[in-house]
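Each remark here refers to the structure printed beneath this line.
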Amino acid sequence: MKYRKMEKLGISASAFGLGCMRFNGAASGDSIIDEQKAISLIRQAIDGGVNYLDTAYVYLDKTSETVVGKALKDGYREKVTVATKMPLGYVKDRASMEALLDEELRKLQTDHIDFYLMHGLNKKEWESFKAIGAPEFFDDMKREGKIRFKCFSFHGSYEDFEYILNDFDWDMVQIQYNFMDIENQAGKKGLELAGKKGIPVVIMEGLLGGRLSKAPQNVQALYDAFPVKRSAVEWAFRWICNHPEVSVVLSGCNEAEQIEENLRIFDTAEAGVMDADELQLMENVRRAYLDRTKIGCTGCKYCMPCPNEVNIAGIFSAWNNISLYDLNPADDWGLKRIKGNGNGADKCISCGACEAKCPQNLPIIEKLQCAWSELG
Ligand SMILES: NC(=O)c1ccc[n+]([C@@H]2O[C@H](COP(=O)([O-])OP(=O)(O)OC[C@H]3O[C@@H](n4cnc5c(N)ncnc54)[C@H](OP(=O)(O)O)[C@@H]3O)[C@@H](O)[C@H]2O)c1
């Protein structure tokens, strides 16, 4: 296992951090997590050198922290740093922040949390949390020893990321990053900004929740043609590790074989590990994914609201997503929500209000019908 120094914090973290959000349910189907299996996976990772675990109050219907707490008995707690998150939607005031943190400590069976993150923070929330004393709460809890490091996780725009990052003395930040998300969310710019400020960065969704682990045919052909043979998973993780600003790459494994493979991958993946040909391969892979784009909708939503409540941007986003990553439409939660809410393209009456407003001049009416027939 490669370890990376978080200079600002004076600690070394394993490059592979175990995400505790994706454990499978019990075979009987009546339990959110197969506890024994999850505990065994967590301990397998720690025994293999992982010293960073990531969980959250809300994961797996609020059961993840409890299972992590159980896995960390028998001397395992001392071997790892634990990251968990403040569930922003449950916070009303300072008292509720304190009560939630105490509950998390109890569930994790520990007297301190190493990395305490504001979960999925955005700019608007940050402003309202400042007003109810979140910065003081973080500083007080650090002084009392209940948390070691003040952190946030983030899925918003680069502009919001820059604002939040510059607005408080953060110890660490967690962002989504992979070779497809260079210009999405905090993106490469955000990673580099945190690096410049000396703030350690933990990466989530390195495989886009597993989507990058199964390459579609045109992408696999590129991997196959390259002289060095590696799995899609290994290419994706090595590409992230190549960035010197990255401290930890989280991966939410749900099988022993995945942990085994990731332990092997993170044994050699370090900053600067990729040569020019390998970087070019990954750029070609990225383009090959993008070639699968169905429609050049940028998601600006100028076309909306639709007078008949068709979720135009959502349908195009699902259409692209399903095509890019070769997904089964039945598994796409965005599409499921659109269908469940009755905002599908079957509601379109071809009035054309959307086309008049589209900055890309997309033939929205025609493409909506194509998308809807392909998406079933
Ligand atoms: N703070 C936040 O807002 C937030 C948001 C998202 C995630 N997270 C955290 O970040 C962690 C990492 O994100 P993620 O779980 O989305 O990570 P990820 O690495 O992008 O995706 C995890 C999925 O990748 C697949 N996988 C992992 N290792 C593999 C291997 N060796 N071979 C084949 N497939 C493999 C598995 O998919 P299959 O299930 O298909 O086998 C697994 O469920 C989460 O667990 C969570 O702790 C935080």
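FYI, nothing fancy with the structure tokens labels: chains A, B, ... in order, residues from 1 per chain, ligands from 1 as they appear.
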
Give me, as JSON lines, the closest atom pair and its distance (Å, one decimal) for every residue of range 180-280 of chain A within a cut-off of 12 Å of range 134-151 of chain A, counting only C-alpha atoms, rows sorted by chain and rising number.
{"residue": "A:Ile199", "atom": "CA", "partner": "A:Cys151", "partner_atom": "CA", "distance": 9.8}
{"residue": "A:Pro200", "atom": "CA", "partner": "A:Cys151", "partner_atom": "CA", "distance": 9.8}
{"residue": "A:Val201", "atom": "CA", "partner": "A:Cys151", "partner_atom": "CA", "distance": 9.9}
{"residue": "A:Val202", "atom": "CA", "partner": "A:Cys151", "partner_atom": "CA", "distance": 10.2}

> What's the 7 Å shell around range 36-48 of chain A, counting only C-alpha atoms, without same-chain residues fewer than 3 positions away, as a ChimeraX atom specification?
Replying inline: /A:23,51,67,71,256,259,263

List every residue of chain A that has an atom at most 6 Å from any atom of ligand 1, giving for each one its closest atom pair and the distance in Å to one decimal, counting only C-alpha atoms and all ligand atoms, sorted by chain and then by ascending residue number, as CSV.
residue,atom,partner,partner_atom_place_in_ligand_line,distance
A:Gly19,CA,ligand 1,45 (O),3.2
A:Cys20,CA,ligand 1,47 (O),4.8
A:Met21,CA,ligand 1,45 (O),4.1
A:Arg22,CA,ligand 1,43 (O),5.4
A:Asp54,CA,ligand 1,47 (O),4.8
A:Thr55,CA,ligand 1,47 (O),5.1
A:His119,CA,ligand 1,1 (N),5.4
A:Gly120,CA,ligand 1,3 (O),4.6
A:Ser153,CA,ligand 1,1 (N),4.9
A:Met204,CA,ligand 1,10 (O),4.1
A:Glu205,CA,ligand 1,20 (O),3.2
A:Gly206,CA,ligand 1,20 (O),4.2
A:Leu207,CA,ligand 1,20 (O),3.4
A:Leu208,CA,ligand 1,20 (O),4.0
A:Gly209,CA,ligand 1,21 (O),3.3
A:Gly210,CA,ligand 1,24 (O),3.3
A:Ser213,CA,ligand 1,34 (N),5.2
A:Val233,CA,ligand 1,32 (N),5.8
A:Leu250,CA,ligand 1,12 (C),4.5
A:Ser251,CA,ligand 1,19 (O),3.7
A:Gly252,CA,ligand 1,15 (O),3.5
A:Cys253,CA,ligand 1,27 (C),4.7
A:Asn254,CA,ligand 1,43 (O),5.9
A:Gln258,CA,ligand 1,31 (N),3.7
A:Glu261,CA,ligand 1,31 (N),4.9
A:Asn262,CA,ligand 1,31 (N),5.1

Store the residues picked out above in a file with C-alpha atoms, as a short mmCIF file (atom, residue, chain, number, x, y, z; two decimals), in the first residue's frame.
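Dumped everything to out-v5.cif:
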data_model
loop_
_atom_site.label_atom_id
_atom_site.label_comp_id
_atom_site.auth_asym_id
_atom_site.auth_seq_id
_atom_site.Cartn_x
_atom_site.Cartn_y
_atom_site.Cartn_z
CA GLY A 19 -15.93 3.83 1.26
CA CYS A 20 -18.60 2.35 3.50
CA MET A 21 -21.63 3.33 1.44
CA ARG A 22 -21.97 0.35 -0.86
CA ASP A 54 -15.27 6.88 4.99
CA THR A 55 -18.83 6.65 6.26
CA HIS A 119 -21.92 16.38 3.93
CA GLY A 120 -22.46 17.54 0.34
CA SER A 153 -17.58 17.07 0.92
CA MET A 204 -14.90 9.99 -4.15
CA GLU A 205 -16.58 8.39 -7.17
CA GLY A 206 -13.23 7.55 -8.74
CA LEU A 207 -15.03 4.86 -10.77
CA LEU A 208 -18.18 6.95 -11.09
CA GLY A 209 -19.92 4.62 -8.68
CA GLY A 210 -18.70 1.57 -10.65
CA SER A 213 -15.26 -0.44 -14.16
CA VAL A 233 -10.49 -0.22 -12.81
CA LEU A 250 -12.12 6.21 -1.84
CA SER A 251 -13.58 3.09 -3.30
CA GLY A 252 -16.81 1.56 -2.08
CA CYS A 253 -16.15 -2.15 -2.44
CA ASN A 254 -18.78 -4.78 -1.80
CA GLN A 258 -12.67 -6.01 -5.28
CA GLU A 261 -7.74 -6.06 -6.53
CA ASN A 262 -7.74 -2.52 -5.15
#

> How would you write, as a ChimeraX atom specification, the set of residues in range 2-117 of chain A that DSSP gives as helix (DSSP H, G or I)?
Replying inline: /A:7-9,35-47,59-62,64-71,77-79,88-90,94-108

Keeping only C-alpha atoms, take the residues you just selected and write them out as a PDB file, in the first residue's frame.
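The file below, result_7.pdb, is the result:
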ATOM      1  CA  GLU A   7       1.439  17.680   5.216  1.00  0.00           C
ATOM      2  CA  LYS A   8      -0.978  20.182   6.756  1.00  0.00           C
ATOM      3  CA  LEU A   9      -2.245  17.565   9.221  1.00  0.00           C
ATOM      4  CA  GLU A  35     -23.261  -7.151   8.761  1.00  0.00           C
ATOM      5  CA  GLN A  36     -20.904 -10.083   8.985  1.00  0.00           C
ATOM      6  CA  LYS A  37     -19.827  -9.645   5.379  1.00  0.00           C
ATOM      7  CA  ALA A  38     -19.362  -5.887   5.766  1.00  0.00           C
ATOM      8  CA  ILE A  39     -17.291  -6.340   8.943  1.00  0.00           C
ATOM      9  CA  SER A  40     -15.146  -8.924   7.203  1.00  0.00           C
ATOM     10  CA  LEU A  41     -14.617  -6.577   4.192  1.00  0.00           C
ATOM     11  CA  ILE A  42     -13.653  -3.652   6.441  1.00  0.00           C
ATOM     12  CA  ARG A  43     -11.172  -5.794   8.380  1.00  0.00           C
ATOM     13  CA  GLN A  44      -9.783  -7.298   5.162  1.00  0.00           C
ATOM     14  CA  ALA A  45      -9.048  -3.776   3.910  1.00  0.00           C
ATOM     15  CA  ILE A  46      -7.425  -2.723   7.194  1.00  0.00           C
ATOM     16  CA  ASP A  47      -5.352  -5.903   7.358  1.00  0.00           C
ATOM     17  CA  TYR A  59     -25.406   5.909   4.519  1.00  0.00           C
ATOM     18  CA  LEU A  60     -27.335   2.675   4.094  1.00  0.00           C
ATOM     19  CA  ASP A  61     -30.366   3.988   5.874  1.00  0.00           C
ATOM     20  CA  LYS A  62     -28.271   5.206   8.834  1.00  0.00           C
ATOM     21  CA  SER A  64     -23.295   2.223   8.002  1.00  0.00           C
ATOM     22  CA  GLU A  65     -21.779   3.993  11.022  1.00  0.00           C
ATOM     23  CA  THR A  66     -23.084   1.269  13.364  1.00  0.00           C
ATOM     24  CA  VAL A  67     -21.513  -1.490  11.283  1.00  0.00           C
ATOM     25  CA  VAL A  68     -18.231   0.436  10.991  1.00  0.00           C
ATOM     26  CA  GLY A  69     -18.280   0.794  14.795  1.00  0.00           C
ATOM     27  CA  LYS A  70     -18.654  -2.971  15.171  1.00  0.00           C
ATOM     28  CA  ALA A  71     -15.880  -3.663  12.656  1.00  0.00           C
ATOM     29  CA  ARG A  77     -10.058   1.390  15.747  1.00  0.00           C
ATOM     30  CA  GLU A  78      -6.443   2.178  16.654  1.00  0.00           C
ATOM     31  CA  LYS A  79      -5.277   1.183  13.168  1.00  0.00           C
ATOM     32  CA  LEU A  88     -26.991  18.800   6.951  1.00  0.00           C
ATOM     33  CA  GLY A  89     -30.685  18.111   6.458  1.00  0.00           C
ATOM     34  CA  TYR A  90     -31.069  17.134  10.127  1.00  0.00           C
ATOM     35  CA  ARG A  94     -26.084  24.403  17.450  1.00  0.00           C
ATOM     36  CA  ALA A  95     -27.799  22.003  19.866  1.00  0.00           C
ATOM     37  CA  SER A  96     -28.782  19.644  17.044  1.00  0.00           C
ATOM     38  CA  MET A  97     -25.216  19.712  15.670  1.00  0.00           C
ATOM     39  CA  GLU A  98     -23.955  18.605  19.070  1.00  0.00           C
ATOM     40  CA  ALA A  99     -26.645  15.926  19.472  1.00  0.00           C
ATOM     41  CA  LEU A 100     -25.938  14.478  16.012  1.00  0.00           C
ATOM     42  CA  LEU A 101     -22.183  14.361  16.598  1.00  0.00           C
ATOM     43  CA  ASP A 102     -22.721  12.594  19.947  1.00  0.00           C
ATOM     44  CA  GLU A 103     -25.030  10.074  18.254  1.00  0.00           C
ATOM     45  CA  GLU A 104     -22.389   9.417  15.582  1.00  0.00           C
ATOM     46  CA  LEU A 105     -19.692   8.911  18.227  1.00  0.00           C
ATOM     47  CA  ARG A 106     -21.953   6.405  20.007  1.00  0.00           C
ATOM     48  CA  LYS A 107     -22.725   4.506  16.798  1.00  0.00           C
ATOM     49  CA  LEU A 108     -19.048   4.399  15.842  1.00  0.00           C
TER      50      LEU A 108
END

Residues near Ile175 in chain A, cut-off 12 Å, only C-alpha atoms, skip fewer than 3 positions along chain, as a CSV table (one decimal) with C-alpha atoms, in the first residue's frame:
chain,number,residue,atom,x,y,z
A,117,LEU,CA,-17.3,16.6,7.1
A,119,HIS,CA,-21.9,16.4,3.9
A,120,GLY,CA,-22.5,17.5,0.3
A,121,LEU,CA,-22.1,21.2,1.3
A,151,CYS,CA,-13.8,19.1,6.5
A,152,PHE,CA,-16.5,19.2,3.8
A,153,SER,CA,-17.6,17.1,0.9
A,154,PHE,CA,-18.7,18.7,-2.2
A,155,HIS,CA,-20.7,18.1,-5.5
A,156,GLY,CA,-21.5,21.6,-6.6
A,157,SER,CA,-20.0,24.0,-9.2
A,158,TYR,CA,-16.3,25.1,-9.2
A,161,PHE,CA,-16.2,25.3,-4.3
A,165,LEU,CA,-12.7,26.6,0.3
A,172,MET,CA,-9.5,18.5,4.2
A,178,ASN,CA,-12.3,10.8,-12.2
A,181,ASP,CA,-15.2,14.7,-14.4
A,182,ILE,CA,-12.2,16.9,-15.2
A,184,ASN,CA,-17.5,18.8,-13.8
A,185,GLN,CA,-18.2,19.9,-10.2
A,186,ALA,CA,-14.9,21.1,-8.5
A,187,GLY,CA,-13.0,19.4,-11.3
A,188,LYS,CA,-9.3,19.7,-12.1
A,189,LYS,CA,-9.4,23.4,-11.2
A,190,GLY,CA,-10.8,22.7,-7.8
A,191,LEU,CA,-8.2,19.9,-7.2
A,192,GLU,CA,-5.4,22.2,-8.1
A,194,ALA,CA,-6.9,22.8,-2.9
A,200,PRO,CA,-5.5,17.6,1.5
A,201,VAL,CA,-8.0,16.2,-1.0
A,202,VAL,CA,-9.9,12.9,-0.7
A,203,ILE,CA,-11.5,11.6,-3.9
A,204,MET,CA,-14.9,10.0,-4.1
A,205,GLU,CA,-16.6,8.4,-7.2
A,206,GLY,CA,-13.2,7.6,-8.7
A,208,LEU,CA,-18.2,7.0,-11.1
A,245,GLU,CA,-2.7,16.9,-5.0
A,246,VAL,CA,-4.7,13.7,-4.2
A,247,SER,CA,-4.2,12.2,-0.7
A,248,VAL,CA,-6.8,9.4,-0.6
A,249,VAL,CA,-9.0,7.7,-3.3
A,250,LEU,CA,-12.1,6.2,-1.8

>> List the spatial neighbours of Trp372 in chain A as a list in words - criterion: any atom at most 8 Å away, only C-alpha atoms, same-chain residues fewer than 4 positions off excluded.
In response: Ile315, Gly344, Ala345, Asp346, Leu368 and Gly376 of chain A

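Distance check against Leu362 in chain A using only C-alpha atoms: of A:Val228, A:Val91, A:Ile312, A:Leu222, the minimum falls on A:Ile312.
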
> Quick one: residues within 12 Å of Asp167 in chain A, only C-alpha atoms counted, chain neighbours fewer than 5 positions away excluded, as a list in words?
Replying inline: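 What passes the distance filter is Lys123, Trp126, Glu127, Lys130, Pro135, Asp160, Phe161 and Glu162 of chain A.
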
>> List the spatial neighbours of Ser231 in chain A as a ChimeraX atom specification - criterion: any atom at most 10 Å away, only C-alpha atoms, same-chain residues fewer than 3 positions off excluded.
In response: /A:213-215,220,223-224,234-236,261,265

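Note that the spacing between CA of Glu374 in chain A and CA of Val310 in chain A amounts to 16.6 Å.
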
>> I need the strand (DSSP E) residues of range 2-251 of chain A per DSSP on the backbone, written as a ChimeraX atom specification.
In response: /A:3-6,11-14,16-19,52-54,81-86,113-118,147-154,172-176,201-204,246-251

Output N, CA and C atoms for every residue in the selection just made, as a compact mmCIF listing (two decimals), in the first residue's frame.
# COMPACT_ATOMS: atom_id res chain seq x y z
N TYR A 3 1.32 5.13 0.90
CA TYR A 3 0.76 6.11 1.85
C TYR A 3 1.14 7.50 1.40
N ARG A 4 0.24 8.43 1.60
CA ARG A 4 0.51 9.81 1.17
C ARG A 4 0.44 10.73 2.37
N LYS A 5 1.41 11.59 2.45
CA LYS A 5 1.49 12.49 3.59
C LYS A 5 0.49 13.63 3.43
N MET A 6 -0.34 13.83 4.46
CA MET A 6 -1.18 15.03 4.48
C MET A 6 -0.37 16.05 5.27
N ILE A 11 -0.14 13.76 9.10
CA ILE A 11 -0.42 12.31 9.13
C ILE A 11 -0.25 11.71 7.73
N SER A 12 -0.09 10.39 7.70
CA SER A 12 -0.01 9.68 6.42
C SER A 12 -1.27 8.85 6.24
N ALA A 13 -1.86 8.95 5.07
CA ALA A 13 -3.09 8.20 4.81
C ALA A 13 -2.83 7.21 3.68
N SER A 14 -3.51 6.06 3.75
CA SER A 14 -3.37 5.09 2.66
C SER A 14 -4.01 5.68 1.41
N PHE A 16 -5.55 4.21 -0.85
CA PHE A 16 -6.86 3.57 -0.99
C PHE A 16 -7.61 3.74 0.33
N GLY A 17 -8.74 4.46 0.27
CA GLY A 17 -9.59 4.59 1.45
C GLY A 17 -10.87 3.81 1.19
N LEU A 18 -11.34 3.10 2.20
CA LEU A 18 -12.54 2.28 1.98
C LEU A 18 -13.81 3.11 2.20
N GLY A 19 -14.63 3.18 1.16
CA GLY A 19 -15.93 3.83 1.26
C GLY A 19 -16.94 2.85 1.82
N TYR A 52 -7.80 4.45 6.19
CA TYR A 52 -8.76 5.55 6.05
C TYR A 52 -10.12 4.94 5.70
N LEU A 53 -11.12 5.17 6.57
CA LEU A 53 -12.48 4.69 6.31
C LEU A 53 -13.41 5.88 6.17
N ASP A 54 -14.33 5.79 5.20
CA ASP A 54 -15.27 6.88 4.99
C ASP A 54 -16.70 6.38 5.16
N THR A 81 -7.92 5.92 10.60
CA THR A 81 -8.60 7.20 10.80
C THR A 81 -10.01 7.03 10.22
N VAL A 82 -10.97 7.65 10.89
CA VAL A 82 -12.37 7.52 10.47
C VAL A 82 -12.90 8.88 10.03
N ALA A 83 -13.51 8.86 8.84
CA ALA A 83 -14.20 10.06 8.36
C ALA A 83 -15.69 9.79 8.40
N THR A 84 -16.45 10.71 9.02
CA THR A 84 -17.90 10.63 8.88
C THR A 84 -18.45 12.05 8.72
N LYS A 85 -19.78 12.13 8.53
CA LYS A 85 -20.30 13.40 8.04
C LYS A 85 -21.51 13.90 8.82
N MET A 86 -21.57 15.21 8.94
CA MET A 86 -22.72 15.87 9.55
C MET A 86 -23.87 15.85 8.53
N ILE A 113 -13.83 11.52 16.24
CA ILE A 113 -13.90 11.29 14.79
C ILE A 113 -12.71 12.04 14.19
N ASP A 114 -11.96 11.38 13.33
CA ASP A 114 -10.76 12.03 12.79
C ASP A 114 -11.14 13.13 11.80
N PHE A 115 -11.91 12.75 10.79
CA PHE A 115 -12.30 13.72 9.76
C PHE A 115 -13.81 13.92 9.86
N TYR A 116 -14.24 15.12 10.25
CA TYR A 116 -15.68 15.37 10.33
C TYR A 116 -16.06 16.32 9.20
N LEU A 117 -16.95 15.83 8.32
CA LEU A 117 -17.26 16.58 7.10
C LEU A 117 -18.68 17.12 7.11
N MET A 118 -18.84 18.33 6.63
CA MET A 118 -20.19 18.80 6.31
C MET A 118 -20.55 18.09 5.00
N ILE A 147 -13.56 15.92 17.53
CA ILE A 147 -13.15 15.73 16.13
C ILE A 147 -11.70 16.20 16.01
N ARG A 148 -11.00 15.67 15.01
CA ARG A 148 -9.62 16.12 14.81
C ARG A 148 -9.53 17.13 13.67
N PHE A 149 -10.31 16.89 12.60
CA PHE A 149 -10.14 17.75 11.42
C PHE A 149 -11.49 18.24 10.87
N LYS A 150 -11.49 19.50 10.45
CA LYS A 150 -12.71 20.17 9.96
C LYS A 150 -12.76 20.07 8.43
N CYS A 151 -13.80 19.46 7.91
CA CYS A 151 -13.77 19.13 6.48
C CYS A 151 -15.16 19.31 5.84
N PHE A 152 -15.20 19.27 4.52
CA PHE A 152 -16.50 19.21 3.85
C PHE A 152 -16.40 18.36 2.60
N SER A 153 -17.53 17.76 2.21
CA SER A 153 -17.58 17.07 0.92
C SER A 153 -18.46 17.89 0.00
N PHE A 154 -18.22 17.73 -1.31
CA PHE A 154 -18.75 18.70 -2.25
C PHE A 154 -19.13 18.08 -3.58
N MET A 172 -9.42 19.50 5.35
CA MET A 172 -9.45 18.53 4.24
C MET A 172 -10.73 18.75 3.45
N VAL A 173 -10.71 18.36 2.18
CA VAL A 173 -11.92 18.46 1.38
C VAL A 173 -12.09 17.18 0.57
N GLN A 174 -13.34 16.76 0.39
CA GLN A 174 -13.63 15.54 -0.38
C GLN A 174 -14.42 15.92 -1.63
N ILE A 175 -13.87 15.57 -2.79
CA ILE A 175 -14.55 15.93 -4.05
C ILE A 175 -14.70 14.70 -4.96
N GLN A 176 -15.66 14.81 -5.89
CA GLN A 176 -15.81 13.78 -6.91
C GLN A 176 -14.80 14.06 -8.01
N VAL A 201 -6.76 16.49 -0.26
CA VAL A 201 -7.98 16.18 -1.01
C VAL A 201 -8.23 14.67 -1.00
N VAL A 202 -9.46 14.31 -0.64
CA VAL A 202 -9.91 12.92 -0.70
C VAL A 202 -10.87 12.82 -1.88
N ILE A 203 -10.67 11.78 -2.67
CA ILE A 203 -11.48 11.64 -3.89
C ILE A 203 -12.58 10.61 -3.70
N MET A 204 -13.80 10.97 -4.13
CA MET A 204 -14.90 9.99 -4.15
C MET A 204 -15.32 9.78 -5.60
N VAL A 246 -3.72 14.68 -4.80
CA VAL A 246 -4.65 13.70 -4.21
C VAL A 246 -4.01 13.00 -3.02
N SER A 247 -4.75 12.93 -1.91
CA SER A 247 -4.23 12.19 -0.75
C SER A 247 -4.80 10.78 -0.71
N VAL A 248 -6.13 10.67 -0.79
CA VAL A 248 -6.80 9.37 -0.64
C VAL A 248 -7.81 9.21 -1.77
N VAL A 249 -7.91 8.00 -2.33
CA VAL A 249 -8.96 7.70 -3.30
C VAL A 249 -9.90 6.70 -2.63
N LEU A 250 -11.15 7.11 -2.46
CA LEU A 250 -12.12 6.21 -1.84
C LEU A 250 -12.66 5.23 -2.87
N SER A 251 -12.88 4.03 -2.44
CA SER A 251 -13.58 3.09 -3.30
C SER A 251 -14.54 2.30 -2.43
